[in-house]
Amino acid sequence: MCLALPCRIVEMLADDKAMIDVSGMRKEISLALVEGVGVGDYVIVHVGYALTRLDPEEADKTLALFAELGDAALAEAASAIG
């Protein structure tokens, strides 16, 4: 199963990389496929790559749906992003 999650950028790193936060978990991802994003922006992440920027309202709605599924489901989904 393929899964892409909305994640908030919390830190910009060197070499087109960023640190993201999803459900309190932090992961380093690549920004090689997107331009013009920064700290506080939400991006859709799949297998360690940001694919596109996401509107904060849409990100909140999606994350709220995951929250309804429970914290365990969100943590499992977060670990699947790479």
# chains A, B, ... in the order shown; residues from 1 in each chain; ligands from 1
>>> residues_around(residues="region 47-51 of chain A", least_positions_apart="2", cutoff="6 Å", atoms="only C-alpha atoms", output="list in words")
Ile29, Ser30, Leu31, Leu33, Val43, Ile44, Val45, Ile81 and Gly82 of chain A
>>> write_last_selection(atoms="N, CA and C atoms", output="mmCIF file, in the first residue's frame")
data_model
loop_
_atom_site.group_PDB
_atom_site.id
_atom_site.type_symbol
_atom_site.label_atom_id
_atom_site.label_comp_id
_atom_site.auth_asym_id
_atom_site.auth_seq_id
_atom_site.Cartn_x
_atom_site.Cartn_y
_atom_site.Cartn_z
ATOM 1 N N ILE A 29 13.559 14.592 5.489
ATOM 2 C CA ILE A 29 13.039 14.296 4.156
ATOM 3 C C ILE A 29 13.787 15.104 3.111
ATOM 4 N N SER A 30 13.586 14.748 1.861
ATOM 5 C CA SER A 30 14.157 15.479 0.734
ATOM 6 C C SER A 30 13.135 16.473 0.186
ATOM 7 N N LEU A 31 13.624 17.672 -0.136
ATOM 8 C CA LEU A 31 12.798 18.694 -0.782
ATOM 9 C C LEU A 31 13.144 18.842 -2.256
ATOM 10 N N LEU A 33 12.017 17.681 -4.880
ATOM 11 C CA LEU A 33 10.917 17.703 -5.844
ATOM 12 C C LEU A 33 9.987 18.901 -5.696
ATOM 13 N N VAL A 43 3.683 19.857 3.661
ATOM 14 C CA VAL A 43 3.976 19.184 2.400
ATOM 15 C C VAL A 43 3.424 17.767 2.461
ATOM 16 N N ILE A 44 3.100 17.226 1.300
ATOM 17 C CA ILE A 44 2.715 15.824 1.200
ATOM 18 C C ILE A 44 4.002 15.028 1.059
ATOM 19 N N VAL A 45 4.200 14.037 1.932
ATOM 20 C CA VAL A 45 5.441 13.262 1.946
ATOM 21 C C VAL A 45 5.134 11.803 1.620
ATOM 22 N N ILE A 81 6.436 6.654 6.019
ATOM 23 C CA ILE A 81 6.867 7.671 5.071
ATOM 24 C C ILE A 81 8.342 7.617 4.749
ATOM 25 N N GLY A 82 9.037 6.705 5.299
ATOM 26 C CA GLY A 82 10.428 6.559 4.905
ATOM 27 C C GLY A 82 11.300 6.656 6.070
#
>>> select_by_dssp(residues="chain A", states="alpha helix (DSSP H)", output="number ranges by chain")
A: 56-69, 71-79
>>> atom_distance(atom1="CA of Thr62 (chain A)", atom2="CA of Ala4 (chain A)")
10.8 Å
>>> residues_around(residues="region 17-25 of chain A", least_positions_apart="3", cutoff="9 Å", atoms="only C-alpha atoms", output="ChimeraX atom specification")
/A:5-14,28-32,38-39,42-43,63,71,74-75,78-79
>>> select_by_dssp(residues="chain A", states="strand (DSSP E or B)", output="MDAnalysis selection string")
chainID A and resid 5:13 17:22 25:30 42:46 49:54
>>> write_last_selection(atoms="N, CA and C atoms", output="CSV table (one decimal), in the first residue's frame")
chain,number,residue,atom,x,y,z
A,5,LEU,N,1.5,11.4,3.4
A,5,LEU,CA,0.9,12.1,4.5
A,5,LEU,C,1.3,13.6,4.5
A,6,PRO,N,0.3,14.4,5.0
A,6,PRO,CA,0.7,15.8,5.2
A,6,PRO,C,1.6,16.0,6.4
A,7,CYS,N,2.7,16.7,6.3
A,7,CYS,CA,3.7,16.9,7.3
A,7,CYS,C,4.1,18.3,7.4
A,8,ARG,N,4.3,18.8,8.6
A,8,ARG,CA,4.8,20.2,8.7
A,8,ARG,C,6.3,20.3,8.8
A,9,ILE,N,6.8,21.2,8.0
A,9,ILE,CA,8.3,21.4,8.0
A,9,ILE,C,8.6,22.2,9.3
A,10,VAL,N,9.6,21.7,10.1
A,10,VAL,CA,10.0,22.3,11.3
A,10,VAL,C,11.4,22.9,11.3
A,11,GLU,N,12.2,22.4,10.3
A,11,GLU,CA,13.5,22.9,10.2
A,11,GLU,C,14.0,22.7,8.8
A,12,MET,N,14.7,23.7,8.2
A,12,MET,CA,15.3,23.6,6.9
A,12,MET,C,16.8,23.1,7.1
A,13,LEU,N,17.2,22.1,6.3
A,13,LEU,CA,18.5,21.5,6.4
A,13,LEU,C,19.3,21.8,5.1
A,17,LYS,N,17.2,19.4,2.0
A,17,LYS,CA,16.5,18.5,3.0
A,17,LYS,C,15.8,19.3,4.0
A,18,ALA,N,14.9,18.7,4.7
A,18,ALA,CA,14.2,19.4,5.8
A,18,ALA,C,13.8,18.4,6.9
A,19,MET,N,13.6,18.9,8.1
A,19,MET,CA,13.0,18.0,9.2
A,19,MET,C,11.5,18.3,9.2
A,20,ILE,N,10.7,17.2,9.3
A,20,ILE,CA,9.3,17.4,9.3
A,20,ILE,C,8.8,16.8,10.6
A,21,ASP,N,7.6,17.2,11.0
A,21,ASP,CA,6.9,16.7,12.2
A,21,ASP,C,5.6,16.2,11.8
A,22,VAL,N,5.3,15.0,12.2
A,22,VAL,CA,3.9,14.4,12.1
A,22,VAL,C,3.6,13.6,13.3
A,25,MET,N,6.4,13.0,15.8
A,25,MET,CA,7.6,12.2,15.3
A,25,MET,C,8.3,13.1,14.3
A,26,ARG,N,9.6,13.1,14.4
A,26,ARG,CA,10.4,13.9,13.4
A,26,ARG,C,11.2,13.0,12.5
A,27,LYS,N,11.2,13.4,11.2
A,27,LYS,CA,11.9,12.7,10.2
A,27,LYS,C,12.6,13.7,9.2
A,28,GLU,N,13.8,13.3,8.7
A,28,GLU,CA,14.4,14.0,7.7
A,28,GLU,C,13.9,13.6,6.3
A,29,ILE,N,13.6,14.6,5.5
A,29,ILE,CA,13.0,14.3,4.2
A,29,ILE,C,13.8,15.1,3.1
A,30,SER,N,13.6,14.7,1.9
A,30,SER,CA,14.2,15.5,0.7
A,30,SER,C,13.1,16.5,0.2
A,42,TYR,N,3.2,23.0,5.1
A,42,TYR,CA,2.8,21.6,5.1
A,42,TYR,C,3.1,21.0,3.7
A,43,VAL,N,3.7,19.9,3.7
A,43,VAL,CA,4.0,19.2,2.4
A,43,VAL,C,3.4,17.8,2.5
A,44,ILE,N,3.1,17.2,1.3
A,44,ILE,CA,2.7,15.8,1.2
A,44,ILE,C,4.0,15.0,1.1
A,45,VAL,N,4.2,14.0,1.9
A,45,VAL,CA,5.4,13.3,1.9
A,45,VAL,C,5.1,11.8,1.6
A,46,HIS,N,5.9,11.3,0.7
A,46,HIS,CA,5.8,9.8,0.4
A,46,HIS,C,7.3,9.3,0.2
A,49,TYR,N,10.2,11.8,0.4
A,49,TYR,CA,10.3,12.9,-0.5
A,49,TYR,C,9.0,13.8,-0.3
A,50,ALA,N,9.2,15.1,-0.2
A,50,ALA,CA,8.0,16.0,-0.3
A,50,ALA,C,7.6,16.1,-1.7
A,51,LEU,N,6.3,15.9,-2.0
A,51,LEU,CA,5.8,15.9,-3.4
A,51,LEU,C,5.2,17.2,-3.8
A,52,THR,N,4.5,17.9,-2.8
A,52,THR,CA,3.9,19.1,-3.1
A,52,THR,C,3.6,19.8,-1.8
A,53,ARG,N,3.4,21.1,-1.9
A,53,ARG,CA,2.9,21.9,-0.7
A,53,ARG,C,1.4,21.7,-0.6
A,54,LEU,N,1.0,21.8,0.7
A,54,LEU,CA,-0.5,21.5,1.0
A,54,LEU,C,-1.0,22.7,1.8
>>> atom_distance(atom1="CA of Gly36 (chain A)", atom2="CA of Ala80 (chain A)")
25.1 Å
